[in-house]
Structures are given as structure tokens and as C-alpha cells.
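Structure file final_19.cif; described as mmCIF, C-alpha atoms and all ligand atoms.
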data_entry
loop_
_atom_site.label_atom_id
_atom_site.label_comp_id
_atom_site.auth_asym_id
_atom_site.auth_seq_id
_atom_site.Cartn_x
_atom_site.Cartn_y
_atom_site.Cartn_z
CA MET A 1 144.91 70.78 9.16
CA TYR A 2 148.64 70.83 8.56
CA ALA A 3 149.68 72.58 5.35
CA LYS A 4 151.69 70.38 3.03
CA LEU A 5 153.96 72.41 0.80
CA THR A 6 151.16 72.35 -1.72
CA LEU A 7 148.56 69.66 -1.39
CA ARG A 8 147.31 67.50 -4.22
CA ARG A 9 145.63 64.53 -2.57
CA GLU A 10 141.89 64.13 -2.87
CA ASP A 11 141.57 63.84 0.89
CA ALA A 12 143.68 66.83 1.74
CA LYS A 13 142.89 70.51 1.73
CA PRO A 14 144.59 72.36 -1.16
CA GLU A 15 146.91 75.13 -0.16
CA SER A 16 145.13 78.42 -0.69
CA GLY A 17 147.95 79.76 -2.89
CA THR A 18 147.27 77.34 -5.77
CA HIS A 19 143.97 77.77 -7.59
CA SER A 20 142.40 74.40 -8.36
CA LEU A 21 142.33 75.21 -12.10
CA LEU A 22 146.12 75.50 -12.04
CA ARG A 23 146.70 72.15 -10.34
CA HIS A 24 147.15 70.24 -13.58
CA PRO A 25 150.88 69.46 -14.04
CA VAL A 26 150.91 71.12 -17.44
CA PHE A 27 151.06 74.47 -15.60
CA ALA A 28 154.22 73.38 -13.78
CA TRP A 29 155.75 72.11 -17.00
CA LEU A 30 155.05 75.48 -18.64
CA GLY A 31 156.52 77.31 -15.63
CA ILE A 32 153.23 79.03 -14.77
CA ARG A 33 153.33 77.68 -11.23
CA PRO A 34 155.95 75.86 -9.11
CA VAL A 35 155.77 72.08 -8.79
CA LEU A 36 153.28 70.78 -6.26
CA GLY A 37 154.95 69.00 -3.37
CA GLN A 38 153.08 66.27 -1.55
CA HIS A 39 154.78 66.71 1.80
CA THR A 40 154.96 69.29 4.59
CA ALA A 41 157.62 71.94 5.01
CA SER A 42 158.94 70.07 8.08
CA GLU A 43 159.21 66.86 6.09
CA HIS A 44 161.01 68.79 3.34
CA GLU A 45 163.59 70.05 5.85
CA ALA A 46 164.00 66.56 7.34
CA LEU A 47 164.61 65.06 3.89
CA LYS A 48 167.28 67.67 3.22
CA LYS A 49 168.93 67.01 6.57
CA TRP A 50 169.12 63.24 5.99
CA VAL A 51 170.59 63.47 2.49
CA THR A 52 173.24 66.04 3.29
CA GLY A 53 176.54 64.49 2.25
CA LYS A 54 174.87 61.31 0.93
CA SER A 55 176.15 60.05 -2.42
CA SER A 56 173.96 57.13 -3.47
CA LEU A 57 170.30 58.10 -3.27
CA VAL A 58 167.13 56.48 -4.61
CA GLU A 59 163.66 58.00 -4.66
CA ILE A 60 160.68 55.78 -5.49
CA GLY A 61 157.70 57.96 -6.45
CA VAL A 62 158.71 61.28 -8.00
CA ALA A 63 155.41 62.87 -9.15
CA GLU A 64 156.15 66.52 -10.08
CA GLY A 65 159.60 66.30 -8.48
CA ALA A 66 159.26 68.54 -5.42
CA SER A 67 160.92 66.07 -3.06
CA ALA A 68 163.47 65.14 -5.73
CA VAL A 69 164.51 68.80 -5.93
CA ALA A 70 165.02 68.86 -2.14
CA LEU A 71 167.16 65.73 -2.34
CA ARG A 72 169.19 67.06 -5.25
CA GLU A 73 169.83 70.40 -3.57
CA ALA A 74 171.17 68.83 -0.37
CA MET A 75 172.98 65.67 -1.56
CA SER A 76 176.73 65.43 -2.08
CA PRO A 77 177.87 67.23 -5.26
CA CYS A 78 179.74 64.01 -6.11
CA GLY A 79 176.64 61.85 -5.60
CA THR A 80 173.99 60.25 -7.82
CA LEU A 81 170.24 60.40 -7.30
CA TRP A 82 168.18 57.72 -9.07
CA LEU A 83 164.58 58.80 -9.63
CA ILE A 84 162.16 55.94 -10.16
CA ASP A 85 158.61 56.52 -11.38
CA PRO A 86 156.76 55.01 -14.36
CA PHE A 87 154.72 58.22 -14.72
CA HIS A 88 151.83 55.96 -15.66
CA LEU A 89 149.03 58.14 -14.27
CA SER A 90 148.96 60.67 -17.09
CA ARG A 91 145.79 60.55 -19.17
CA MET A 92 147.71 61.88 -22.19
CA ARG A 93 150.70 59.56 -22.21
CA HIS A 94 152.37 61.13 -25.24
CA ILE A 95 152.42 64.52 -23.50
CA ASN A 96 152.78 63.31 -19.89
CA ALA A 97 152.89 66.75 -18.30
CA MET A 98 153.78 65.32 -14.88
CA LYS A 99 156.95 63.74 -16.21
CA ARG A 100 157.87 66.90 -18.04
CA ALA A 101 157.16 69.05 -14.97
CA ALA A 102 159.39 66.78 -12.87
CA ARG A 103 162.21 66.91 -15.38
CA ARG A 104 162.01 70.67 -15.64
CA ALA A 105 162.06 71.10 -11.84
CA VAL A 106 164.82 68.59 -11.10
CA GLU A 107 166.99 69.78 -13.97
CA GLY A 108 166.68 73.34 -12.66
CA CYS A 109 169.24 72.35 -10.01
CA ARG A 110 172.71 71.37 -11.15
CA ASN A 111 173.96 69.63 -8.02
CA GLY A 112 175.07 65.99 -8.24
CA ARG A 113 174.05 63.57 -10.99
CA ILE A 114 170.52 62.40 -11.81
CA VAL A 115 169.48 59.09 -13.36
CA TRP A 116 165.83 58.77 -14.40
CA ILE A 117 164.35 55.27 -14.30
CA GLU A 118 160.94 55.31 -15.91
CA LYS A 119 159.79 51.95 -14.55
CA PHE A 120 157.79 50.50 -11.70
CA SER A 121 160.00 50.11 -8.64
CA SER A 122 159.85 46.31 -8.67
CA ALA A 123 161.17 46.24 -12.26
CA ALA A 124 163.92 48.71 -11.31
CA ALA A 125 164.88 46.56 -8.31
CA SER A 126 165.40 43.50 -10.46
CA ASP A 127 168.16 45.36 -12.36
CA TRP A 128 169.74 46.91 -9.24
CA ASN A 129 173.00 45.83 -7.66
CA GLY A 130 174.72 48.74 -5.87
CA PRO A 131 174.74 50.06 -2.31
CA ILE A 132 172.31 52.84 -1.37
CA ASP A 133 172.86 55.31 1.45
CA PHE A 134 169.46 57.05 1.25
CA LEU A 135 166.23 55.39 0.06
CA PHE A 136 162.95 57.33 -0.07
CA LEU A 137 159.81 55.19 -0.38
CA ASP A 138 156.95 57.33 -1.70
CA GLY A 139 155.54 55.30 -4.61
CA ASP A 140 152.79 52.69 -4.30
CA HIS A 141 151.11 53.36 -0.96
CA SER A 142 149.03 50.17 -0.85
CA GLU A 143 149.99 47.78 1.94
CA THR A 144 151.26 45.19 -0.51
CA GLY A 145 152.96 47.85 -2.66
CA VAL A 146 155.00 49.40 0.12
CA GLN A 147 155.79 45.96 1.55
CA GLN A 148 157.07 44.94 -1.88
CA ASP A 149 159.27 48.04 -2.04
CA TRP A 150 160.71 47.26 1.39
CA ASP A 151 161.28 43.61 0.46
CA ASP A 152 162.88 44.49 -2.90
CA TRP A 153 165.07 47.38 -1.80
CA HIS A 154 166.13 47.31 1.85
CA GLN A 155 168.82 44.68 1.15
CA PHE A 156 170.71 47.30 -0.87
CA VAL A 157 170.87 49.86 1.94
CA ALA A 158 174.44 50.19 3.19
CA PRO A 159 175.29 50.02 6.90
CA SER A 160 174.46 53.42 8.48
CA GLY A 161 172.25 54.16 5.46
CA VAL A 162 168.66 55.26 5.95
CA VAL A 163 165.21 54.56 4.54
CA ALA A 164 162.56 57.30 4.70
CA PHE A 165 158.92 56.21 4.48
CA HIS A 166 156.42 58.88 3.52
CA ASP A 167 152.80 58.81 4.74
CA ALA A 168 153.91 56.32 7.39
CA ALA A 169 152.70 58.03 10.59
CA THR A 170 149.54 59.71 11.76
CA PHE A 171 149.97 63.13 13.33
CA PRO A 172 147.70 65.84 14.72
CA GLY A 173 145.82 67.60 11.90
CA GLY A 174 147.48 65.38 9.29
CA TRP A 175 146.03 63.46 6.36
CA THR A 176 147.28 59.93 7.05
CA ARG A 177 145.18 57.25 8.72
CA GLN A 178 146.05 54.23 10.79
CA ASP A 179 144.95 51.89 7.99
CA TRP A 180 147.28 53.36 5.33
CA GLY A 181 149.79 50.91 3.87
CA PRO A 182 152.98 52.71 4.96
CA VAL A 183 151.60 53.29 8.50
CA LYS A 184 150.75 49.61 8.85
CA LEU A 185 154.11 48.48 7.47
CA VAL A 186 156.12 50.76 9.75
CA ASP A 187 153.98 49.63 12.71
CA ARG A 188 154.60 46.02 11.88
CA LEU A 189 158.35 46.32 11.21
CA PHE A 190 159.51 48.96 13.66
CA ARG A 191 156.85 49.84 16.24
CA ASP A 192 155.15 46.59 17.27
CA GLN A 193 158.53 44.86 17.23
CA VAL A 194 162.05 46.03 16.48
CA LEU A 195 163.40 44.57 13.29
CA PRO A 196 166.93 43.38 14.15
CA GLY A 197 169.58 45.66 12.67
CA TRP A 198 167.26 48.64 12.19
CA ARG A 199 165.99 51.48 14.34
CA ILE A 200 163.70 54.49 13.91
CA VAL A 201 165.84 57.62 14.00
CA GLN A 202 163.27 60.33 13.27
CA GLN A 203 159.58 60.86 12.83
CA VAL A 204 158.35 64.21 11.56
CA ASP A 205 154.72 64.63 10.53
CA SER A 206 154.04 61.59 8.28
CA LEU A 207 157.72 60.90 7.53
CA VAL A 208 159.46 58.04 9.33
CA VAL A 209 163.20 57.58 8.92
CA VAL A 210 164.85 54.28 9.85
CA GLU A 211 168.57 53.59 9.95
CA LYS A 212 170.38 50.37 9.17
CA LEU A 213 172.78 49.81 12.02
CA SER A 214 176.44 49.63 11.11
CA GLY A 215 177.78 46.11 11.12
CA VAL A 216 174.70 44.77 9.27
CA THR A 217 175.50 43.59 5.74
CA GLU A 218 172.90 42.04 3.43
CA LEU A 219 174.35 42.50 -0.06
C1 LIG B 1 152.89 60.48 -3.58
S1 LIG B 1 153.49 60.69 -5.22
C2 LIG B 1 155.18 61.10 -4.94
C3 LIG B 1 155.35 62.48 -4.35
C4 LIG B 1 156.76 63.03 -4.35
N1 LIG B 1 157.70 62.12 -3.72
C5 LIG B 1 156.76 64.37 -3.63
O1 LIG B 1 156.92 64.38 -2.40
O2 LIG B 1 156.61 65.40 -4.29
C6 LIG B 1 153.54 59.02 -5.76
C7 LIG B 1 154.23 58.76 -7.10
O3 LIG B 1 154.56 57.37 -7.08
C8 LIG B 1 154.48 56.88 -8.38
N2 LIG B 1 154.32 55.43 -8.26
C9 LIG B 1 153.21 54.72 -7.97
N3 LIG B 1 153.49 53.41 -7.95
C10 LIG B 1 154.82 53.29 -8.20
C11 LIG B 1 155.71 52.19 -8.31
N4 LIG B 1 155.30 50.93 -8.13
N5 LIG B 1 157.01 52.45 -8.59
C12 LIG B 1 157.46 53.73 -8.75
N6 LIG B 1 156.65 54.80 -8.67
C13 LIG B 1 155.35 54.59 -8.39
C14 LIG B 1 153.31 57.61 -9.00
O4 LIG B 1 153.45 57.64 -10.41
C15 LIG B 1 153.40 58.98 -8.35
O5 LIG B 1 154.07 59.89 -9.20
#
Would you write out, as C-alpha cells, the structure that this file holds?
Amino acid sequence: MYAKLTLRREDAKPESGTHSLLRHPVFAWLGIRPVLGQHTASEHEALKKWVTGKSSLVEIGVAEGASAVALREAMSPCGTLWLIDPFHLSRMRHINAMKRAARRAVEGCRNGRIVWIEKFSSAAASDWNGPIDFLFLDGDHSETGVQQDWDDWHQFVAPSGVVAFHDAATFPGGWTRQDWGPVKLVDRLFRDQVLPGWRIVQQVDSLVVVEKLSGVTEL
């Protein structure tokens, strides 16, 4: 089994360093443990590589903010990172420890500018109108959910911009399965056929990065 940075999924093996009693986000909010990432160390490095120098970044699906921290650390100091998550999964909505843990972690880095959008991605898309040079899809993993995110958002990606899909590939010892929404979507769009104007530029563990070819304008 591959080690994610620190695993939280029901179907994945928790990293030995985090006791299960400490997995509640309140412990990250209080600073008792670091935020729990939901991706591997190789994916973390790949995310950082792709956002280096990027200035208009959107992440859909923030959770405790581990990937958002990676993006913030590596993005252009002049850039803006929009973080979209309704944080609707908290059982105690007035406390919402996951949201507070994410804010604490992301605000611990001062690089660039952060805009929090506490909405579902489809609602955020209906208000959106600017170009994006890095889009990370890691929100609703159902087949219809990730399809909706692609349909809503890919038109805003600038030529030479990239979209990173998480949980979109199976890999040896990994946690993803062939029937997962992002795997099926990436198969359908980029593996079984080649969507005109787009190409896969990297696959690392479950992360698949696609680039919009320059010369393609949809806005
Ligand atoms: C897999 S976690 C994100 C993990 C995070 N990117 C990381 O690597 O640390 C998924 C997150 O997506 C959020 N989410 C689910 N559906 C969403 C939607 N339609 N729009 C935005 N966020 C959504 C959930 O609240 C949850 O926090």
C-alpha cells in the first residue's frame, strides 16, 4: 500500500504516525497535529511543480488544506489562489473544525493571495468569469460530480493552463479503483479518445494533469 501523506479515507490504511483518536480535524485546528493530506508525497511534489509561477489558481475540494498549502507555497507571489469548499461535512456546523483547520494551515503561509469561497463548486462556477492557469479538481468524486466540475470549469482554463484531477488513475498499491468517478471521466475524455485541444502531460500515482494546448480559446 502506498502511503499518502496522511490517509483519511475509509478504504485506505491510516499512516502509522497519526493515532486514530487524533484524526478529528479539531486536533489540527488546535495545532495538536498537522493537517491530514489526502494525497501521496509524489502527488504533493507534482502539484508544487505544476503551480510554480502560476498566478490564477483554483482548488475545488480543500478539506483540511494540505494540498492548498502546497499550492500556496509554490505559486507566484503575485498570484491568487481561490479555495472552493462548502465545508458541509462537519457534524457541528457552528464549530466546523475542518474549515478552521484549513484556514489555520493555509494562513500559516504568507505567499500570494487567498480567496475562500465557501460554496459548492457549481455555485461558484456560476459567478466565475476570469481565466485560470491551474485548476485542481478534488471535490465531489462521484462520476456526475466530477463531470459537472469539468463541464462548469474547463472553459475558464487559459491556453497552456492545466487541470489536475485527483483520484483519477489506478496505480500499484494505490486506493483508487477503475470504477471511481475521476478515473472514468479521465478515461472517457483523455484515454479512450483524445479530447481536441487537450493532452495528458503527467500522471503520478492517482493524479492526472492535462494541459490545454495553446491556441485554444473558449472564454
Ligand atoms: C478529497 S477532499 C479534498 C482533499 C484536499 N484537496 C487534500 O488533498 O488535502 C474533498 C473535499 O471536497 C469537498 N467537496 C465535496 N463536494 C464538493 C463540491 N461540490 N464543491 C466543492 N467542494 C466539495 C468536501 O467538503 C471535502 O472537503
Between chain A and ligand LIG 1 (chain B), at 7 Å or less, what are the per-residue closest atom pairs and their distances in Å? Count all atoms listed in the file, order by chain and rising residue number, and return it as a tab-separated table.
residue	atom	partner	partner_atom	distance
A:Leu36	CA	B:LIG1	O2	6.6
A:Gly37	CA	B:LIG1	O2	4.1
A:Gln38	CA	B:LIG1	O1	4.4
A:His39	CA	B:LIG1	O1	5.3
A:Ile60	CA	B:LIG1	C12	5.0
A:Gly61	CA	B:LIG1	O3	3.3
A:Val62	CA	B:LIG1	N1	4.5
A:Ala63	CA	B:LIG1	O5	3.3
A:Glu64	CA	B:LIG1	O2	5.9
A:Gly65	CA	B:LIG1	O2	5.2
A:Ala66	CA	B:LIG1	O2	4.3
A:Ser67	CA	B:LIG1	O1	4.4
A:Ala68	CA	B:LIG1	N1	6.8
A:Ile84	CA	B:LIG1	C12	5.4
A:Asp85	CA	B:LIG1	N6	3.8
A:Pro86	CA	B:LIG1	N6	5.7
A:Phe87	CA	B:LIG1	O4	4.5
A:His88	CA	B:LIG1	O4	5.7
A:Leu89	CA	B:LIG1	O4	5.9
A:Lys119	CA	B:LIG1	C12	6.5
A:Phe120	CA	B:LIG1	N5	3.8
A:Ser121	CA	B:LIG1	N5	3.8
A:Ser122	CA	B:LIG1	N4	6.5
A:Asp138	CA	B:LIG1	N1	5.3
A:Gly139	CA	B:LIG1	O3	3.4
A:Asp140	CA	B:LIG1	N3	3.8
A:Gly145	CA	B:LIG1	N4	6.7
How would the residues just picked look written out with C-alpha atoms as an mmCIF file, in the frame of the given file?
data_model
loop_
_atom_site.group_PDB
_atom_site.id
_atom_site.type_symbol
_atom_site.label_atom_id
_atom_site.label_comp_id
_atom_site.auth_asym_id
_atom_site.auth_seq_id
_atom_site.Cartn_x
_atom_site.Cartn_y
_atom_site.Cartn_z
ATOM 1 C CA LEU A 36 153.280 70.780 -6.260
ATOM 2 C CA GLY A 37 154.950 69.000 -3.370
ATOM 3 C CA GLN A 38 153.080 66.270 -1.550
ATOM 4 C CA HIS A 39 154.780 66.710 1.800
ATOM 5 C CA ILE A 60 160.680 55.780 -5.490
ATOM 6 C CA GLY A 61 157.700 57.960 -6.450
ATOM 7 C CA VAL A 62 158.710 61.280 -8.000
ATOM 8 C CA ALA A 63 155.410 62.870 -9.150
ATOM 9 C CA GLU A 64 156.150 66.520 -10.080
ATOM 10 C CA GLY A 65 159.600 66.300 -8.480
ATOM 11 C CA ALA A 66 159.260 68.540 -5.420
ATOM 12 C CA SER A 67 160.920 66.070 -3.060
ATOM 13 C CA ALA A 68 163.470 65.140 -5.730
ATOM 14 C CA ILE A 84 162.160 55.940 -10.160
ATOM 15 C CA ASP A 85 158.610 56.520 -11.380
ATOM 16 C CA PRO A 86 156.760 55.010 -14.360
ATOM 17 C CA PHE A 87 154.720 58.220 -14.720
ATOM 18 C CA HIS A 88 151.830 55.960 -15.660
ATOM 19 C CA LEU A 89 149.030 58.140 -14.270
ATOM 20 C CA LYS A 119 159.790 51.950 -14.550
ATOM 21 C CA PHE A 120 157.790 50.500 -11.700
ATOM 22 C CA SER A 121 160.000 50.110 -8.640
ATOM 23 C CA SER A 122 159.850 46.310 -8.670
ATOM 24 C CA ASP A 138 156.950 57.330 -1.700
ATOM 25 C CA GLY A 139 155.540 55.300 -4.610
ATOM 26 C CA ASP A 140 152.790 52.690 -4.300
ATOM 27 C CA GLY A 145 152.960 47.850 -2.660
#
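Here CA of Val163 (chain A) and CA of Gly53 (chain A) stand 15.2 Å from one another.
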From the set A:Gly173, A:Pro196, A:Pro131, A:Gly112, which residue has the shortest atom-to-atom contact distance to Thr40 (chain A), counting only C-alpha atoms?
A:Gly173
Name the closest residue to Asp205 (chain A) among the candidates A:Gln193, A:Ser76, A:Thr170, A:Thr144; distances are taken between atoms, counting only C-alpha atoms.
A:Thr170
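Around Val157 (chain A), within 7 Å and counting only C-alpha atoms, the residues found are A:Pro131, A:Ile132, A:Asp133, A:His154, A:Gln155, A:Pro159, A:Gly161, once anything fewer than 2 positions away on its own chain is removed.
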Is it possible to get the residues within 8 Å of (160.9, 48.7, -4.4) (coordinates as in the file, counting all atoms listed in the file) written as an MDAnalysis selection string?
chainID A and resid 60 121:122 124:125 137 146 148:153
Kindly give the distance, in Å, that separates CA of Arg72 (chain A) and CA of Lys48 (chain A), rounded to a single decimal.
8.7 Å
Mind working out the centre and edge lengths of an axis-aligned box for region 94-97 of chain A, all listed atoms inside, 5 Å added to each side, rounded to one decimal in Å and written as lines of an AutoDock Vina configuration file?
center_x = 152.6
center_y = 63.9
center_z = -21.8
size_x = 10.5
size_y = 15.6
size_z = 16.9
How far is it from CA of Gln178 (chain A) to CA of Val194 (chain A), in Å with one decimal?
18.9 Å
As a PDB file, keeping the file's coordinate frame, please: region 129-142 of chain A completed to N, CA, C and O atoms.
ATOM      1  N   ASN A 129     172.010  46.622  -8.388  1.00  0.00           N
ATOM      2  CA  ASN A 129     173.000  45.830  -7.660  1.00  0.00           C
ATOM      3  C   ASN A 129     173.984  46.651  -6.839  1.00  0.00           C
ATOM      4  O   ASN A 129     174.975  46.114  -6.374  1.00  0.00           O
ATOM      5  N   GLY A 130     173.736  47.938  -6.612  1.00  0.00           N
ATOM      6  CA  GLY A 130     174.720  48.740  -5.870  1.00  0.00           C
ATOM      7  C   GLY A 130     174.235  49.148  -4.496  1.00  0.00           C
ATOM      8  O   GLY A 130     173.036  49.058  -4.194  1.00  0.00           O
ATOM      9  N   PRO A 131     175.142  49.603  -3.650  1.00  0.00           N
ATOM     10  CA  PRO A 131     174.740  50.060  -2.310  1.00  0.00           C
ATOM     11  C   PRO A 131     174.028  51.416  -2.375  1.00  0.00           C
ATOM     12  O   PRO A 131     174.310  52.242  -3.237  1.00  0.00           O
ATOM     13  N   ILE A 132     173.108  51.607  -1.444  1.00  0.00           N
ATOM     14  CA  ILE A 132     172.310  52.840  -1.370  1.00  0.00           C
ATOM     15  C   ILE A 132     172.512  53.437   0.018  1.00  0.00           C
ATOM     16  O   ILE A 132     172.463  52.702   1.012  1.00  0.00           O
ATOM     17  N   ASP A 133     172.758  54.739   0.100  1.00  0.00           N
ATOM     18  CA  ASP A 133     172.860  55.310   1.450  1.00  0.00           C
ATOM     19  C   ASP A 133     171.639  56.136   1.855  1.00  0.00           C
ATOM     20  O   ASP A 133     171.487  56.476   3.025  1.00  0.00           O
ATOM     21  N   PHE A 134     170.740  56.410   0.889  1.00  0.00           N
ATOM     22  CA  PHE A 134     169.460  57.050   1.250  1.00  0.00           C
ATOM     23  C   PHE A 134     168.394  56.533   0.286  1.00  0.00           C
ATOM     24  O   PHE A 134     168.521  56.676  -0.929  1.00  0.00           O
ATOM     25  N   LEU A 135     167.341  55.940   0.858  1.00  0.00           N
ATOM     26  CA  LEU A 135     166.230  55.390   0.060  1.00  0.00           C
ATOM     27  C   LEU A 135     164.938  56.051   0.530  1.00  0.00           C
ATOM     28  O   LEU A 135     164.624  56.020   1.731  1.00  0.00           O
ATOM     29  N   PHE A 136     164.215  56.664  -0.412  1.00  0.00           N
ATOM     30  CA  PHE A 136     162.950  57.330  -0.070  1.00  0.00           C
ATOM     31  C   PHE A 136     161.817  56.540  -0.702  1.00  0.00           C
ATOM     32  O   PHE A 136     161.744  56.420  -1.933  1.00  0.00           O
ATOM     33  N   LEU A 137     160.943  55.977   0.121  1.00  0.00           N
ATOM     34  CA  LEU A 137     159.810  55.190  -0.380  1.00  0.00           C
ATOM     35  C   LEU A 137     158.557  56.059  -0.372  1.00  0.00           C
ATOM     36  O   LEU A 137     157.983  56.350   0.690  1.00  0.00           O
ATOM     37  N   ASP A 138     158.127  56.466  -1.578  1.00  0.00           N
ATOM     38  CA  ASP A 138     156.950  57.330  -1.700  1.00  0.00           C
ATOM     39  C   ASP A 138     156.217  57.010  -3.010  1.00  0.00           C
ATOM     40  O   ASP A 138     155.714  57.894  -3.684  1.00  0.00           O
ATOM     41  N   GLY A 139     156.181  55.704  -3.357  1.00  0.00           N
ATOM     42  CA  GLY A 139     155.540  55.300  -4.610  1.00  0.00           C
ATOM     43  C   GLY A 139     154.173  54.705  -4.356  1.00  0.00           C
ATOM     44  O   GLY A 139     153.217  55.414  -4.030  1.00  0.00           O
ATOM     45  N   ASP A 140     154.067  53.388  -4.523  1.00  0.00           N
ATOM     46  CA  ASP A 140     152.790  52.690  -4.300  1.00  0.00           C
ATOM     47  C   ASP A 140     152.518  52.645  -2.799  1.00  0.00           C
ATOM     48  O   ASP A 140     153.293  52.059  -2.039  1.00  0.00           O
ATOM     49  N   HIS A 141     151.420  53.258  -2.386  1.00  0.00           N
ATOM     50  CA  HIS A 141     151.110  53.360  -0.960  1.00  0.00           C
ATOM     51  C   HIS A 141     150.198  52.233  -0.464  1.00  0.00           C
ATOM     52  O   HIS A 141     149.794  52.246   0.697  1.00  0.00           O
ATOM     53  N   SER A 142     149.844  51.285  -1.337  1.00  0.00           N
ATOM     54  CA  SER A 142     149.030  50.170  -0.850  1.00  0.00           C
ATOM     55  C   SER A 142     149.892  49.343   0.110  1.00  0.00           C
ATOM     56  O   SER A 142     151.130  49.389   0.050  1.00  0.00           O
TER      57      SER A 142
END
